[in-house]
Amino acid sequence: MTNPEPLFKDPSRSAGGTASARQEEEAASRADLAERLDSITGAGRPDGDAADLVAMSAPPWHTACPNPYLQDWLTRTAPAGADDNERSDPGPFLADVTGRKTSLQYKAHSYPTKVPPEIIVQLLTHYTRPGDVVLDGFAGSGMTGVAAQMCADPDPALRNEVELQAKGHGRTVRWGARRAVLNDLAPGATFLAAGVTLPVDGSAFDKASAALLDRFDREYGWMYATRTEKGREAVIDYTVWSEVFTCSSCGGPILFYDAAFDAATGEVAEQFPCPNVGCGVMTRKGKERDNGSGGGAAGKTTTSKGLPLAMRRRKVPVRLLTGEIVDRIDLRPVRIHYRYKDNGKWFTGNKAPDRDDMAVLARVSQLQVTGVPTQPLPISEMVHGSRLAPKGFTHTHHLFADRALASLSVLWAWAGEEPDGDVRRALRFWIEQAFWGLSWMNRYRPDGFSQVSQYQSGVYYISAMPSECRPRYNLEGSDPKRGKRATLVKLWSSTKRRRDTVMITTGDATRLPLPDASIDYVFVDPPFGANIPYADLAQVVESWHRVTTFAADEAIVDERRGKDIQVYGALMASAFREFARVLKPGRWMTVEFSNSSNEIWGVIQQGLADAGFVVADTRVLDKTQSSYRQATAANAVKHDLMISCYKPDIATADTVRTAAGSTEGVWSFLRDHLTHLPVTEGRRGKALPIRERFPDRLNERMVAYYVAAGIKPPMTAQQFYRSVEQIFVVRDDMVFLPGQAAAYERFRLTFKELEAATLFVTDESSAIMWLRQQLKRKPQKMHEIQPAFLRELETGETPDTLPELRALLEQNFVTDSDGRWSVPDPAKAEHLDQLRTRELLRVFDSYASGTGKLQRFRGEAVAAGFKKAWAEGEYGRIVKVGKRIPTEVLPDLPAALAYYRNALKRVG
């Protein structure tokens with residue numbers, strides 16, 4: 001194997017080197033990767049031949065497989081004199097966060113989900129310092145790498161915004177590039193990441209891309225040549241095609257464009273007549289009804305049951321450029337939109353295809369193409385396979401019209417001939433942006449600004465009226481000065497990037513090629529449940545590289561691939577454990593969560609706990625209002641969330657393990673946890689309560705950490721609440737260390753009031769916490785408590801049964817001779833705890849002895865029963881009751897969920 005040292009010799013790739021020298025260096029790098037590939041197996045390595053994997057890579061910086069150069073890079077690029085002992089804990093990021101979707105890097109490509117890099121810059125400047133190593137384990141298209149580079153030279157607006165924000169929170173910003181490690185399972189995603197993070201000579205790309213289009217026009221421009229109605233020479237911008245259906249009543253053809261589309265308004269009619277004489281009226285959904293004419297040629301317009309008849313899909317034999325004949329929906333060209341030049345000015349128009357236009361299409365159909373992806377689509381495993389196969393699209397090349405397939409095969413091959421590796425990568429980065437937009441999936445949208453990239457995002461869908469664009473029209477845009485090519489020229493000409501600041505690896509996030517404790521901060525926006533089938537969507541692009549995602553390792557919910565939420569949860573927990581392995585102790589991870597499923601939210605929370613992370617803050621990313629607000633509800637999943645969590649330091653973890661069943665470990669954990677929580681927060685003249693400092697949330701974090709570590713929590717919730725008040729300082733119902741309390745008190749003096757904490761009564765646990773808050777202020781009688789209690793009571797049906805107010809008071813509080821309820825003193829409370837626990841376990845026993853789903857239950861009884869069963873090793877009992885609880889409800893019971901998930905692992 002060759003010595004890897006030359007691969008890192010010239011990271012800036014200075015212009016001083018000759019073209020031949022750079023090409024020799026690139027060839028040596030690729031040869032080195034080719035030698036190493038035999039030893040790179042598993043770990044999510046994409047499917048593809050070694051030669052194709054090497055061709056898609058830019059070693060050592062980007063590899064389309066697990067990157068074997070990462071450890072060497074970490075050593076060689078480490079900043080001199082760095083001392084982690086001098087670093088203070090930044091605490092969770094609390095400021096408002098904004099992000100623009102207009103930056104050149106963001107607009108450079110389309111990808112199902114992207115976080116604006118400006119948002120990540122704000123997080124990086126909070127959690128890291130120059131030279132730190134940032135990991136994005138689900139990097140997608142590389143926005144974290146872009147943000148790491150932005151930190152070196154931010155534009156003035158971003159610099160001012162970040163510095164003002166930091167100043168408002170008493171911080172200073174340390175600008176300078178961060179080092180980034182980007183990992184994704186999809187080779188198509190990491191290729192995009194390389195495109196926006198590795199340097200490209202913008203001028204060289206400009207010349208090469210312009211030459212490519214000019215060459216295409218010279219050699220293949222005839223495919224898109226036409227004439228206006230007056231005989232002027234013109235070029236086609238796009239051709240509108242229409243699906244042909246069969247009327248189920250008369251059996252005649254229905255050209256959808258002619259029958260349903262109104263060219264004057266640009267709208268598709270809700271109802272339209274069958275064009276065949278004497279037939280019915282079709283609806284937009286494909287139904288028809290009798291128009292009173294007595295029926296069509298078939299003699300009837302309804303089924304034997306009197307239901308409307310539907311249009312039938314019409315399939316015809318079609319010969320493809322690869323030589324095969326397939327049965328596919330009948331698509332015909334119906335309108336050509338063109339442009340022509342007159343006296344130096346461009347004009348546009350449209351017409352129906354004429355005889356010459358049809359002759360051109362016939363000539364194209366006789367071409368033969370090579371080098372195009374012809375592999376079958378895994379229809380049975382694809383989320384949207386049912387949208388494709390019934391229409392006759394079962395292979396990748398089926399997705400393209402003849403003219404588009406021929407054009408792309410030529411452009412892709414020519415781009416591969418470019419001798420300079422950076423420019424070659426840039427050309428293919430640019431061309432692959434057109435794969436979806438030049439496919440049959442590009443919809444005709446007459447009300448759009450143009451017909452460029454009018455496919456439906458995130459789904460395989462071929463409409464009844466596709467729009468087939470000319471390659472130059474797509475790749476340059478309807479306005480070449482603002483189109484795709486111009487955007488990329490501007491991007492690569494204006495951004496300053498060092499080659500050695502970002503390393504890109506392609507593989508499984510659960511098996512990263514990184515050493516232990518080598519990462520300073522993790523930002524991750526993972527796939528969430530069944531939101532987006534990334535591997536499915538990637539096939540259109542990846543198949544042209546002949547390198548495809550190893551979908552077996554993809555962390556999604558996909559019934560077709562046998563991945564239910566339990567499998568997804570296990571994959572996510574494994575990924576989080578891997579992030580914890582490579583993250584340095586005491587450092588932070590930010591997880592963006594975007595899913596409306598309560599169950600997925602619960603799986604993510606449990607996965608973090610299983611990995612040993614402790615959540616310190618959860619905030620709602622309100623993209624509409626561009627604000628970043630604290631999420632106080634346990635199941636806040638209706639918006640994007642930002643979860644701030646940290647990996648406990650080694651001393652705390654050792655103390656908890658050593659102390660095992662004693663309370664010493666609890667207080668050691670809590671002291672460390674409190675140091676990671678924000679001490680103050682305020683806005684608009686009000687001090688804000690910090691939800692993570694409330695005793696119930698602290699108890700939840702402690703229980704989750706203990707259970708994930710396989711240790712029995714040594715106290716009940718009530719014991720925890722009482723002891724916290726005795727050992728720590730409580731201010732405004734929040735728990736502080738002594739030094740923190742002093743800082744909080746000084747802070748409170750500057751505000752007139754404390755904004756009320758959002759502590760709605762939703763279940764038994766929150767009801768007890770609410771009552772403790774009220775009765776600690778002053779003892780109260782039942783009739784004084786009840787009105788306020790009812791106001792805070794969240795309405796709506798929930799399976800978690802809330803006992804009556806009087807039962808809650810009797811089981812958890814004490815009353816004096818005047819009937820005033822108050823928080824019990826420790827001696828009395830211990831006795832109440834015993835009585836209450838005995839009652840809760842009695843209720844739990846009834847759940848354990850029954851069968852079927854529990855329509856109603858007491859969450860506190862479940863938690864108490866799980867705690868006892870865990871201590872006694874009765875994991876099967878926990879699983880049995882857990883399966884009786886509706887899956888969408890378990891995330892609302894954090895402590896019970898922690899026991900249940902861990903018990904599932906114990907029983908297999």
# chains A, B, ... in the order shown; residues from 1 in each chain; ligands from 1
$ residues_around --residues "A:Ala861" --least-positions-apart "5" --cutoff "12 Å" --atoms "only C-alpha atoms" --output "list of chain:residue names"
A:Asp763, A:Glu764, A:Ser765, A:Asp800, A:Thr801, A:Leu802, A:Pro803, A:Arg836, A:Thr837, A:Arg838, A:Glu839, A:Leu840, A:Leu841, A:Arg842, A:Val843, A:Phe844, A:Asp845, A:Ser846, A:Tyr847, A:Ala848, A:Arg856, A:Phe866, A:Lys867, A:Lys868, A:Val881, A:Leu893, A:Ala895, A:Ala896
$ write_last_selection --atoms "N, CA and C atoms" --output "tab-separated table (two decimals), in the first residue's frame"
chain	number	residue	atom	x	y	z
A	763	ASP	N	-51.53	14.81	33.54
A	763	ASP	CA	-51.53	13.45	34.07
A	763	ASP	C	-51.29	13.53	35.57
A	764	GLU	N	-51.19	12.36	36.19
A	764	GLU	CA	-51.06	12.32	37.65
A	764	GLU	C	-49.78	12.98	38.13
A	765	SER	N	-48.67	12.73	37.43
A	765	SER	CA	-47.40	13.30	37.85
A	765	SER	C	-47.42	14.82	37.79
A	800	ASP	N	-54.43	7.93	30.04
A	800	ASP	CA	-53.84	8.03	31.37
A	800	ASP	C	-54.87	8.64	32.32
A	801	THR	N	-55.43	7.80	33.19
A	801	THR	CA	-56.51	8.23	34.08
A	801	THR	C	-55.97	9.11	35.20
A	802	LEU	N	-56.57	10.26	35.37
A	802	LEU	CA	-56.18	11.19	36.43
A	802	LEU	C	-57.15	11.01	37.60
A	803	PRO	N	-56.63	10.65	38.78
A	803	PRO	CA	-57.52	10.52	39.94
A	803	PRO	C	-58.21	11.84	40.27
A	836	ARG	N	-49.20	5.30	49.43
A	836	ARG	CA	-49.49	5.60	48.02
A	836	ARG	C	-48.85	4.54	47.11
A	837	THR	N	-47.62	4.17	47.40
A	837	THR	CA	-46.94	3.17	46.59
A	837	THR	C	-47.67	1.84	46.64
A	838	ARG	N	-48.15	1.47	47.86
A	838	ARG	CA	-48.90	0.23	48.01
A	838	ARG	C	-50.16	0.24	47.13
A	839	GLU	N	-50.85	1.39	47.10
A	839	GLU	CA	-52.06	1.51	46.28
A	839	GLU	C	-51.71	1.45	44.79
A	840	LEU	N	-50.62	2.12	44.39
A	840	LEU	CA	-50.23	2.12	42.98
A	840	LEU	C	-49.84	0.72	42.52
A	841	LEU	N	-49.13	-0.03	43.37
A	841	LEU	CA	-48.74	-1.39	42.99
A	841	LEU	C	-49.95	-2.31	42.90
A	842	ARG	N	-50.94	-2.07	43.75
A	842	ARG	CA	-52.17	-2.87	43.65
A	842	ARG	C	-52.84	-2.64	42.29
A	843	VAL	N	-52.87	-1.39	41.87
A	843	VAL	CA	-53.45	-1.08	40.56
A	843	VAL	C	-52.62	-1.70	39.44
A	844	PHE	N	-51.28	-1.63	39.57
A	844	PHE	CA	-50.40	-2.21	38.56
A	844	PHE	C	-50.61	-3.71	38.43
A	845	ASP	N	-50.79	-4.39	39.55
A	845	ASP	CA	-51.01	-5.83	39.51
A	845	ASP	C	-52.23	-6.19	38.67
A	846	SER	N	-53.24	-5.33	38.72
A	846	SER	CA	-54.44	-5.59	37.91
A	846	SER	C	-54.12	-5.46	36.42
A	847	TYR	N	-53.21	-4.55	36.07
A	847	TYR	CA	-52.80	-4.42	34.67
A	847	TYR	C	-51.99	-5.64	34.23
A	848	ALA	N	-51.13	-6.12	35.13
A	848	ALA	CA	-50.25	-7.24	34.79
A	848	ALA	C	-51.02	-8.54	34.64
A	856	ARG	N	-57.88	2.64	29.53
A	856	ARG	CA	-57.66	3.65	30.58
A	856	ARG	C	-56.68	3.06	31.59
A	866	PHE	N	-43.38	-0.68	37.13
A	866	PHE	CA	-42.18	-0.92	36.33
A	866	PHE	C	-40.94	-0.81	37.20
A	867	LYS	N	-40.92	0.17	38.09
A	867	LYS	CA	-39.76	0.38	38.96
A	867	LYS	C	-39.53	-0.85	39.84
A	868	LYS	N	-40.60	-1.37	40.42
A	868	LYS	CA	-40.49	-2.53	41.30
A	868	LYS	C	-40.08	-3.77	40.49
A	881	VAL	N	-46.97	-5.53	30.39
A	881	VAL	CA	-47.83	-4.37	30.63
A	881	VAL	C	-47.55	-3.28	29.60
A	893	LEU	N	-45.03	9.12	29.03
A	893	LEU	CA	-44.64	8.58	30.33
A	893	LEU	C	-43.15	8.32	30.30
A	895	ALA	N	-40.54	8.11	32.34
A	895	ALA	CA	-39.92	7.14	33.23
A	895	ALA	C	-40.35	5.71	32.85
A	896	ALA	N	-41.64	5.51	32.62
A	896	ALA	CA	-42.13	4.19	32.22
A	896	ALA	C	-41.53	3.76	30.90
$ residues_around --residues "stretch 651-654 of chain A" --least-positions-apart "5" --cutoff "12 Å" --atoms "only C-alpha atoms" --output "ChimeraX atom specification"
/A:585-586,612-614,659-660,664-673,675,705-706,708-709,711
$ atom_distance --atom1 "atom CA of A:Val459" --atom2 "atom CA of A:Tyr534"
10.1 Å
$ closest_residue --among "A:Gly48, A:Pro59, A:Gly371, A:Pro886" --to "A:Val502" --atoms "only C-alpha atoms"
A:Pro59
$ closest_atom_pairs --of "stretch 413-506 of chain A" --to "stretch 255-272 of chain A" --cutoff "8 Å" --atoms "only C-alpha atoms" --output "Markdown table"
| residue | atom | partner | partner_atom | distance |
| --- | --- | --- | --- | --- |
| A:Pro446 | CA | A:Gly266 | CA | 5.7 |
| A:Asp447 | CA | A:Gly266 | CA | 6.8 |
| A:Ala464 | CA | A:Phe256 | CA | 7.0 |
| A:Met465 | CA | A:Tyr257 | CA | 7.0 |
